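Trainee: One structure, pasted below without further comment.
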Amino acid sequence: MSTLHVENLKGLSSGGNANKIIVPSGQTLTAPGHVIQGVTDTFLGSSTSSTSFVAMATCGSITTKVANSKLLVTASAQCQVGRSTSQDGRANYTLRSSADNYTANLHTQVVTNYRDASSGWNQTVVPFHLIHSPSVSAGTTVTYKIYGRVAAANPGTYVIDRWGEGAIGQLTILEIAQ
């Protein structure tokens, strides 16, 4: 392996690629802390009345380009929890990944419904933000899912109850070089 020592790189000032430094197709420039790639995706969800965590939405995936990179993950979805006349509504939502077979809670959120003495539903946007270090090899596809459960006996919980308004969840992932 050879090492090239320079203080800076500068593209040519004229021509079709003026002021550009081009990394040829099939080659990868790795600079720690820099974004390697970014992906966005949209997703829909489902409902549950289970008191155990169940997969409610598959948010999307990224296929890593570099081994052991970090993934900056942002997922947002409208989450809704019900309430009966005798029981306040509480639900837990957690973001999990295929890198650990969906067993680790990467980021957990809680939604409550203490609105009044009557039954009803409360809906809010639940954001998940984290830097994930899945320690996977290059070319590994990592998929993210939202899991949810009701924390007490209540009518249930939804991830993205669209109410006929076209709501969708949004996922953004940036792969960052180590």
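Convention: chains lettered A, B, ... in structure tokens order; per-chain residue numbering from 1; ligands numbered from 1 as shown.
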List every residue of segment 13-75 of chain A that has an atom at most 12 Å from any atom of segment 97-105 of chain A, and for each one report the closest atom pair and its distance in Å to one decimal, counting only C-alpha atoms, with rows sorted by chain and then by increasing residue number, as CSV.
Mentor:
```
residue,atom,partner,partner_atom,distance
A:Phe53,CA,A:Thr103,CA,10.4
A:Val54,CA,A:Tyr102,CA,10.4
A:Ala55,CA,A:Tyr102,CA,9.2
A:Ala57,CA,A:Ser97,CA,11.8
A:Thr58,CA,A:Ser97,CA,9.8
A:Cys59,CA,A:Ser97,CA,9.9
A:Gly60,CA,A:Ser97,CA,10.0
A:Ser61,CA,A:Ser97,CA,9.2
A:Ile62,CA,A:Ser98,CA,10.8
A:Thr63,CA,A:Ala99,CA,11.3
A:Thr64,CA,A:Ala99,CA,11.4
A:Asn68,CA,A:Ala99,CA,11.6
A:Leu71,CA,A:Ser97,CA,11.3
A:Val73,CA,A:Ser97,CA,10.7
```
Trainee: Generate the output file for the selected residues, C-alpha atoms, as a PDB file, in the first residue's frame.
Mentor:
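Wrote result.pdb, looks like this:
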```
ATOM      1  CA  PHE A  53     -44.010  -5.333  21.180  1.00  0.00           C
ATOM      2  CA  VAL A  54     -45.028  -6.136  17.583  1.00  0.00           C
ATOM      3  CA  ALA A  55     -43.661  -4.817  14.270  1.00  0.00           C
ATOM      4  CA  ALA A  57     -44.064  -0.330  10.306  1.00  0.00           C
ATOM      5  CA  THR A  58     -41.125  -1.210   8.061  1.00  0.00           C
ATOM      6  CA  CYS A  59     -39.490   2.194   7.597  1.00  0.00           C
ATOM      7  CA  GLY A  60     -36.863   1.367   4.946  1.00  0.00           C
ATOM      8  CA  SER A  61     -33.311   0.154   4.366  1.00  0.00           C
ATOM      9  CA  ILE A  62     -29.784   1.166   3.479  1.00  0.00           C
ATOM     10  CA  THR A  63     -27.064  -1.017   1.962  1.00  0.00           C
ATOM     11  CA  THR A  64     -23.742   0.027   3.458  1.00  0.00           C
ATOM     12  CA  ASN A  68     -18.254  -0.454  10.220  1.00  0.00           C
ATOM     13  CA  LEU A  71     -25.698   5.448  10.345  1.00  0.00           C
ATOM     14  CA  VAL A  73     -31.159   7.558  11.297  1.00  0.00           C
TER      15      VAL A  73
END
```
Trainee: So which residues touch Thr108 of chain A within 12 Å, counting only C-alpha atoms, skipping near sequence neighbours fewer than 2 positions away, as an mmCIF file with C-alpha atoms, in the first residue's frame?
Mentor:
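Written out: around-v1.cif:
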```cif
data_model
loop_
_atom_site.group_PDB
_atom_site.id
_atom_site.type_symbol
_atom_site.label_atom_id
_atom_site.label_comp_id
_atom_site.auth_asym_id
_atom_site.auth_seq_id
_atom_site.Cartn_x
_atom_site.Cartn_y
_atom_site.Cartn_z
ATOM 1 C CA PHE A 53 -44.010 -5.333 21.180
ATOM 2 C CA ALA A 75 -37.700 8.312 11.256
ATOM 3 C CA ALA A 91 -48.285 3.155 24.251
ATOM 4 C CA ASN A 92 -44.587 2.547 23.701
ATOM 5 C CA TYR A 93 -42.857 2.744 20.325
ATOM 6 C CA THR A 94 -39.284 1.710 19.607
ATOM 7 C CA LEU A 95 -37.050 1.730 16.535
ATOM 8 C CA ARG A 96 -35.195 -1.528 15.859
ATOM 9 C CA ALA A 104 -32.421 -4.075 20.557
ATOM 10 C CA ASN A 105 -34.470 -0.962 21.245
ATOM 11 C CA LEU A 106 -32.421 1.742 19.493
ATOM 12 C CA VAL A 110 -44.014 6.965 24.761
ATOM 13 C CA VAL A 111 -47.398 8.414 23.762
ATOM 14 C CA VAL A 126 -43.192 10.467 17.073
ATOM 15 C CA PRO A 127 -39.631 11.243 15.922
ATOM 16 C CA PHE A 128 -36.799 8.736 16.217
ATOM 17 C CA HIS A 129 -33.256 10.180 15.937
ATOM 18 C CA LEU A 130 -30.066 8.255 16.567
ATOM 19 C CA ILE A 146 -41.017 0.624 14.344
ATOM 20 C CA TYR A 147 -42.321 -1.743 17.013
ATOM 21 C CA GLY A 148 -45.188 -0.785 19.292
ATOM 22 C CA ARG A 149 -47.321 -1.996 22.173
#
```
Trainee: In Å to one decimal, how far is atom CA of Val81 of chain A from atom CA of Gly120 of chain A?
Mentor: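 These two atoms are separated by 8.6 Å.
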Trainee: Just the strand (DSSP E or B) stuff from chain A, please, per backbone DSSP, written as an MDAnalysis selection string.
Mentor: chainID A and resid 35:43 47:48 54:63 70:83 89:97 107:113 120:132 141:150 157:159 169:176
Trainee: Between A:Pro32, A:Gly89, A:Gly11, A:Gly45, single out the one closest to Ala151 of chain A, counting only C-alpha atoms.
Mentor: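 When distances to Ala151 of chain A are compared using only C-alpha atoms, the smallest one comes from A:Gly89.
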Trainee: Nearest to Ile160 of chain A: which of A:Ser25, A:His34, A:Val125, A:Thr40 is it, counting only C-alpha atoms?
Mentor: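 Ranked by minimum distance to Ile160 of chain A, first place goes to A:Val125.
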